[in-house]
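Student: So I've got this file, target31.txt, and it contains compact mmCIF, C-alpha atoms:
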# COMPACT_ATOMS: atom_id res chain seq x y z
CA MET I 1 0.00 0.00 0.00
CA SER I 2 1.33 3.45 -0.85
CA VAL I 3 0.34 7.06 -0.24
CA GLU I 4 -0.73 9.15 -3.22
CA THR I 5 0.33 12.42 -1.54
CA PRO I 6 3.05 12.26 1.14
CA LEU I 7 1.91 13.26 4.61
CA SER I 8 2.85 16.17 6.85
CA VAL I 9 3.32 15.16 10.49
CA LEU I 10 3.65 16.96 13.81
CA ALA I 11 5.66 14.89 16.33
CA VAL I 12 5.29 15.77 20.02
CA ASP I 13 7.25 14.56 23.05
CA ASP I 14 8.67 16.43 26.03
CA GLU I 15 11.76 14.18 26.15
CA ARG I 16 14.33 15.22 23.53
CA PRO I 17 15.86 11.75 22.86
CA ALA I 18 12.43 10.18 22.42
CA LEU I 19 11.33 13.01 20.12
CA GLU I 20 14.48 12.72 18.01
CA ASP I 21 14.03 8.94 17.66
CA LEU I 22 10.38 9.37 16.68
CA ALA I 23 11.19 12.08 14.13
CA ARG I 24 13.98 9.95 12.64
CA LEU I 25 11.68 6.97 12.17
CA LEU I 26 8.98 9.13 10.60
CA ARG I 27 11.42 10.84 8.23
CA SER I 28 12.76 7.47 7.08
CA SER I 29 9.37 6.61 5.60
CA PRO I 30 8.79 7.39 1.92
CA GLN I 31 5.15 8.11 2.86
CA ILE I 32 6.14 11.18 4.89
CA ALA I 33 6.87 14.55 3.25
CA GLU I 34 7.55 16.61 6.38
CA VAL I 35 8.04 16.17 10.11
CA VAL I 36 7.75 19.16 12.44
CA CYS I 37 8.71 18.65 16.10
CA ALA I 38 7.24 20.12 19.29
CA ARG I 39 8.64 19.69 22.81
CA SER I 40 5.35 20.18 24.67
CA GLY I 41 1.60 19.98 24.31
CA ASP I 42 1.34 23.77 24.45
CA GLU I 43 3.88 24.19 21.66
CA ALA I 44 2.03 21.58 19.61
CA LEU I 45 -1.24 23.44 20.07
CA ARG I 46 0.38 26.63 18.77
CA GLN I 47 1.72 24.74 15.73
CA LEU I 48 -1.72 23.27 15.04
CA ALA I 49 -3.33 26.70 15.27
CA ALA I 50 -0.80 28.13 12.80
CA ARG I 51 -1.04 25.50 10.07
CA GLN I 52 -2.62 22.21 9.10
CA PHE I 53 -1.05 18.76 9.53
CA ASP I 54 -2.21 15.39 8.26
CA ALA I 55 -1.18 13.54 11.41
CA LEU I 56 -0.19 14.12 15.01
CA PHE I 57 2.19 11.60 16.63
CA LEU I 58 2.33 12.45 20.34
CA ASP I 59 3.31 11.13 23.73
CA VAL I 60 0.54 10.44 26.24
CA ARG I 61 2.28 11.64 29.41
CA MET I 62 3.87 15.08 29.13
CA SER I 63 4.35 17.89 31.61
CA GLY I 64 1.80 20.66 31.23
CA LEU I 65 -0.74 19.85 28.53
CA GLY I 66 -0.74 16.07 28.17
CA GLY I 67 -1.34 14.08 25.02
CA LEU I 68 -4.87 12.98 25.91
CA GLU I 69 -5.86 16.53 26.84
CA LEU I 70 -4.41 17.86 23.58
CA ALA I 71 -6.26 15.25 21.53
CA GLY I 72 -9.45 16.13 23.37
CA VAL I 73 -9.48 19.69 21.98
CA LEU I 74 -8.84 18.71 18.35
CA ASP I 75 -12.54 18.48 17.56
CA ARG I 76 -12.59 22.28 17.75
CA PHE I 77 -10.47 22.42 14.59
CA ALA I 78 -12.13 22.53 11.19
CA SER I 79 -9.82 19.80 9.82
CA PRO I 80 -8.17 18.02 12.76
CA PRO I 81 -5.21 15.74 12.07
CA ALA I 82 -5.30 11.99 12.55
CA VAL I 83 -3.90 11.15 16.00
CA VAL I 84 -1.37 8.44 16.80
CA PHE I 85 -0.27 8.07 20.42
CA VAL I 86 3.24 6.96 21.35
CA SER I 87 3.76 5.89 24.97
CA ALA I 88 5.90 3.84 27.31
CA TYR I 89 2.81 3.08 29.38
CA GLU I 90 -0.01 0.69 28.49
CA ASP I 91 -2.63 2.13 30.82
CA GLY I 92 -3.52 4.96 28.44
CA ALA I 93 -4.41 2.75 25.48
CA VAL I 94 -8.17 2.48 26.05
CA ARG I 95 -8.55 6.21 26.79
CA ALA I 96 -6.53 6.97 23.65
CA PHE I 97 -9.10 5.31 21.45
CA GLU I 98 -11.93 7.02 23.31
CA VAL I 99 -10.60 10.25 21.78
CA HIS I 100 -10.61 8.58 18.34
CA ALA I 101 -6.90 7.84 18.00
CA VAL I 102 -5.92 6.05 14.82
CA ASP I 103 -3.26 3.93 16.53
CA PHE I 104 -1.38 3.48 19.80
CA LEU I 105 2.36 2.70 19.65
CA MET I 106 4.38 1.35 22.55
CA LYS I 107 7.93 2.62 23.14
CA PRO I 108 10.45 1.66 21.96
CA VAL I 109 8.71 1.99 18.61
CA SER I 110 9.75 -0.29 15.75
CA LYS I 111 9.96 0.82 12.13
CA ARG I 112 7.31 -1.77 11.21
CA ARG I 113 4.79 -0.33 13.68
CA ILE I 114 5.54 3.20 12.49
CA GLU I 115 4.82 2.13 8.92
CA ASP I 116 1.59 0.42 10.04
CA ALA I 117 0.46 3.63 11.74
CA ILE I 118 1.39 5.78 8.74
CA THR I 119 -0.59 3.48 6.46
CA ARG I 120 -3.59 3.76 8.76
CA VAL I 121 -3.29 7.55 8.76
CA ALA I 122 -3.24 7.49 4.96
CA GLU I 123 -6.42 5.41 4.95
CA VAL I 124 -8.38 7.65 7.31
CA THR I 125 -7.22 10.85 5.60
CA GLY I 126 -8.04 9.55 2.12
CA ARG I 127 -4.40 9.57 0.98
CA SER I 128 -4.06 5.83 0.40
CA SER I 129 -3.75 4.49 -3.15
CA ALA I 130 -4.89 1.03 -2.07
CA ARG I 131 -7.83 -0.46 -3.89
CA SER I 132 -10.36 -2.90 -2.48
CA ALA I 133 -10.12 -6.49 -3.58
CA PRO I 134 -12.98 -7.83 -5.73
CA ALA I 135 -15.87 -9.00 -3.60
CA ASP I 136 -16.47 -12.17 -5.64
CA VAL I 137 -13.10 -13.81 -5.11
CA ALA I 138 -13.71 -17.53 -4.58
CA VAL I 139 -12.56 -19.22 -1.38
CA PRO I 140 -10.13 -22.06 -2.18
CA GLU I 141 -11.44 -25.50 -1.27
CA ASP I 142 -8.52 -26.16 1.11
CA HIS I 143 -9.26 -22.91 2.91
CA ALA I 144 -12.93 -23.81 3.19
CA ARG I 145 -12.00 -27.10 4.87
CA GLU I 146 -9.96 -25.16 7.43
CA GLU I 147 -13.14 -23.35 8.54
CA ILE I 148 -14.45 -26.35 10.47
CA VAL I 149 -13.08 -27.78 13.71
CA ALA I 150 -13.57 -31.23 15.27
CA VAL I 151 -14.28 -30.93 19.01
CA GLU I 152 -15.62 -33.12 21.81
CA ARG I 153 -18.72 -32.41 23.84
CA ALA I 154 -18.04 -31.41 27.44
CA ASN I 155 -19.33 -34.81 28.63
CA GLY I 156 -16.82 -36.52 26.34
CA HIS I 157 -19.50 -38.75 24.79
CA ALA I 158 -19.37 -37.46 21.21
CA THR I 159 -17.31 -35.55 18.66
CA ARG I 160 -18.87 -32.57 16.94
CA ILE I 161 -17.93 -30.60 13.82
CA VAL I 162 -18.12 -26.87 14.57
CA ALA I 163 -17.69 -23.90 12.26
CA ARG I 164 -14.68 -21.89 13.40
CA ALA I 165 -16.64 -18.66 12.83
CA ALA I 166 -19.18 -19.83 15.43
CA ILE I 167 -16.51 -20.06 18.14
CA LEU I 168 -16.58 -17.16 20.59
CA TYR I 169 -13.55 -17.89 22.73
CA VAL I 170 -11.27 -20.61 24.03
CA GLN I 171 -10.29 -20.97 27.68
CA ALA I 172 -7.26 -22.83 29.06
CA ARG I 173 -8.09 -25.80 31.31
CA GLY I 174 -4.89 -27.65 32.21
CA ASP I 175 -4.02 -30.14 29.45
CA TYR I 176 -7.28 -29.29 27.68
CA VAL I 177 -8.98 -26.18 26.32
CA ARG I 178 -12.64 -25.29 26.72
CA ILE I 179 -14.20 -24.07 23.48
CA VAL I 180 -17.30 -21.88 23.75
CA SER I 181 -19.36 -21.43 20.58
CA ASP I 182 -22.86 -20.45 19.49
CA GLU I 183 -23.75 -24.14 19.41
CA GLY I 184 -22.44 -25.21 22.81
CA ARG I 185 -19.39 -25.82 24.96
CA TYR I 186 -16.74 -28.35 24.03
CA ILE I 187 -13.34 -29.63 25.11
CA GLN I 188 -10.24 -30.41 23.13
CA ARG I 189 -6.85 -31.72 24.16
CA GLY I 190 -4.15 -29.13 23.55
CA THR I 191 -2.90 -25.73 24.65
CA LEU I 192 -3.87 -22.13 23.96
CA ALA I 193 -0.39 -21.49 22.54
CA GLU I 194 -0.93 -24.18 19.92
CA LEU I 195 -4.38 -22.87 18.94
CA GLU I 196 -3.08 -19.30 18.90
CA ARG I 197 -0.40 -20.31 16.39
CA ARG I 198 -2.90 -22.14 14.16
CA TRP I 199 -5.86 -19.74 14.43
CA SER I 200 -4.25 -16.28 14.52
CA THR I 201 -4.82 -15.84 10.77
CA HIS I 202 -8.52 -16.58 11.33
CA GLY I 203 -9.11 -13.58 13.61
CA PHE I 204 -8.30 -15.18 16.97
CA HIS I 205 -6.15 -13.22 19.44
CA ARG I 206 -4.64 -14.08 22.83
CA VAL I 207 -6.00 -11.43 25.19
CA HIS I 208 -5.05 -13.10 28.46
CA ARG I 209 -2.91 -16.05 29.53
CA ALA I 210 -6.14 -18.05 29.90
CA TYR I 211 -8.19 -16.77 26.94
CA LEU I 212 -8.03 -16.84 23.14
CA VAL I 213 -10.83 -14.77 21.58
CA ASN I 214 -12.47 -14.59 18.16
CA LEU I 215 -12.15 -10.84 17.49
CA ARG I 216 -14.78 -11.04 14.77
CA ARG I 217 -17.29 -11.65 17.55
CA ALA I 218 -16.17 -8.72 19.72
CA VAL I 219 -18.69 -5.88 20.09
CA GLU I 220 -17.23 -3.63 22.83
CA MET I 221 -14.08 -3.02 24.82
CA ARG I 222 -14.30 -1.32 28.22
CA PRO I 223 -11.46 -0.02 30.39
CA ASP I 224 -11.05 -1.69 33.77
CA LEU I 225 -8.92 -1.21 36.87
CA GLY I 226 -5.14 -1.04 36.70
CA GLY I 227 -4.93 -0.47 32.95
CA THR I 228 -6.68 -3.75 32.13
CA ALA I 229 -9.85 -4.02 30.06
CA VAL I 230 -12.91 -6.18 29.44
CA LEU I 231 -13.83 -7.43 25.97
CA VAL I 232 -17.55 -7.98 25.41
CA LEU I 233 -18.56 -10.58 22.82
CA SER I 234 -21.73 -10.83 20.74
CA ASP I 235 -23.36 -13.28 23.17
CA GLY I 236 -22.72 -10.98 26.14
CA SER I 237 -19.68 -12.86 27.44
CA GLU I 238 -17.13 -10.63 29.16
CA ILE I 239 -13.51 -11.68 28.71
CA PRO I 240 -10.67 -10.16 30.78
CA VAL I 241 -7.88 -8.45 28.83
CA ALA I 242 -4.43 -8.41 30.44
CA ARG I 243 -2.83 -4.98 30.81
CA ARG I 244 0.10 -5.88 28.54
CA GLN I 245 -2.35 -6.96 25.82
CA VAL I 246 -4.55 -3.83 25.74
CA ALA I 247 -2.52 -1.76 23.26
CA GLU I 248 -1.94 -4.63 20.84
CA LEU I 249 -5.59 -5.66 21.01
CA LEU I 250 -6.78 -2.14 20.22
CA HIS I 251 -4.38 -2.14 17.28
CA ARG I 252 -5.81 -5.41 16.00
CA LEU I 253 -9.42 -4.26 16.45
CA ARG I 254 -8.80 -1.18 14.29
CA MET I 255 -7.05 -3.02 11.46
Using the file provided, produce a representation of the structure as structure tokens.

Tutor:
Amino acid sequence: MSVETPLSVLAVDDERPALEDLARLLRSSPQIAEVVCARSGDEALRQLAARQFDALFLDVRMSGLGGLELAGVLDRFASPPAVVFVSAYEDGAVRAFEVHAVDFLMKPVSKRRIEDAITRVAEVTGRSSARSAPADVAVPEDHAREEIVAVERANGHATRIVARAAILYVQARGDYVRIVSDEGRYIQRGTLAELERRWSTHGFHRVHRAYLVNLRRAVEMRPDLGGTAVLVLSDGSEIPVARRQVAELLHRLRM
């Protein structure tokens, strides 16, 4: 995916080394035309009032006007920039998306994650040259076979064929996993790590050491105590999200 018109970016961090690293990563991208730096939220606000930017990459915790507070006033602008938060702390991830952030990057930021965020900015600002794939592409037969899973009923008396799309979540239970679907509850010998490896390309994500969730069945994510969160599924199930998983999960949900 490429950007038709390179983007102008305002990078904000009150720590000089972190700001220099962020600016360097942004400038290394062929999708970026210009990077302007600001050392505080107040300076960033003055820059935003003086000219227009396509994107705002900013730290969450800064002295004075913090990143979340700055993002909260952007709706007063006629054409606000897309917001990407960059933070060393996970506990701000849920609040970041409550103010409509495009992405949330954890420090130290990798070049791959920077490029992912830039691509997302291009999409939301209408700068992306990507085209949608045809809607009538056939599903290969081998892929279709992968969409069913053989599981055992909880009483162990029978094996059932279940559509993977009907599975809501999987819970670790010692040497077995408990599979909860629209059709019932089942058991299967194995580990969450094994299922995570096999099912990650099918929309399943490890949100907690004991839970693997079908993100296509997620309907809401709510912040909880200590920087954790709760993921609500389409059947009303509430799954705990570990603090270290919150930022990555929000990234996956917005892909």

Student: Using only C-alpha atoms, find the one residue out of I:Val86, I:Ala163, I:Phe104, I:Leu45 that sits nearest to Ile179 in chain I.

Tutor: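 Of all the options, I:Ala163 lies closest to Ile179 in chain I.
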
Student: From the list I:Ile118, I:Leu215, I:Pro223, I:Ala242, which residue is nearest Trp199 in chain I when using all atoms listed in the file?

Tutor: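 Among the listed residues, the smallest separation from Trp199 in chain I belongs to I:Leu215.
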
Student: CA of Arg46 in chain I to CA of Asp59 in chain I: how many Å, to one decimal?

Tutor: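 Those two atoms sit 16.5 Å apart.
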
Student: Of the residues I:Ala50, I:Leu195, I:Ile114, I:Val94, which is the one nearest to Leu253 in chain I, using only C-alpha atoms?

Tutor: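 The closest residue to Leu253 in chain I is I:Val94.
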
Student: Can you work out which one of I:Ser234, I:Ala88, I:Glu98, I:Gln52 has the shortest atom-to-atom distance to Leu68 in chain I, counting only C-alpha atoms?

Tutor: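 Smallest separation from Leu68 in chain I among the options: I:Glu98.
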
Student: Take the point (-17.1, -26.2, 14.3) in the file's coordinates, draw a sphere of radius 12 Å around it, and report as JSON, numbers by chain every protein, DNA or RNA residue with an atom inside or on it, counting all atoms listed in the file.

Tutor: {"I": [145, 146, 147, 148, 149, 150, 151, 152, 153, 159, 160, 161, 162, 163, 164, 165, 166, 167, 168, 179, 180, 181, 182, 183, 184, 185, 186, 187, 188]}

Student: Neighbourhood query: residues within 8 Å of (2.1, 18.3, 19.4), file coordinates, counting all atoms listed in the file; return as a PyMOL selection string.

Tutor: chain I and resi 10-13+37-45+47-48+56-58+67+70

Student: What's around Arg206 in chain I at 10 Å? Count all atoms listed in the file, leave out sequence neighbours fewer than 5 positions away in its own chain, and write the answer as an NGL selection string.

Tutor: :I and (169-170 or 192-193 or 195-197 or 200 or 211-215 or 241-242 or 245 or 249)

Student: Could you check which of I:Arg173, I:Arg243, I:Arg95, I:Arg120 is closest to His208 in chain I, using all atoms listed in the file?

Tutor: I:Arg243

Student: Nearest to Gly126 in chain I among I:Glu194, I:Asp54, I:Asp103, I:Glu69, with distances taken over only C-alpha atoms: which residue is it?

Tutor: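 Once distances to Gly126 in chain I are computed over only C-alpha atoms, the minimum belongs to I:Asp54.
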
Student: In Å to one decimal, how far is CA of Leu7 in chain I from CA of Tyr89 in chain I?

Tutor: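 Separating CA of Tyr89 in chain I from CA of Leu7 in chain I is a distance of 26.8 Å.
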
Student: Kindly give the distance, in Å, that separates CA of Arg127 in chain I and CA of Ala93 in chain I, rounded to a single decimal.

Tutor: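 Computing it gives 25.4 Å between the two atoms.
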
Student: Show which residues sit within 9 Å of Phe77 in chain I, as JSON, numbers by chain. Count only C-alpha atoms, and ignore same-chain residues fewer than 3 positions away.

Tutor: {"I": [48, 49, 73, 74, 80, 81]}

Student: Starting from 5 Å padding per side, set up an axis-aligned box that covers all listed atoms of range 73-83 of chain I and hand over centre and edge lengths in Å, one decimal, as lines of an AutoDock Vina configuration file.

Tutor:
center_x = -8.2
center_y = 16.8
center_z = 15.9
size_x = 18.7
size_y = 21.4
size_z = 22.2
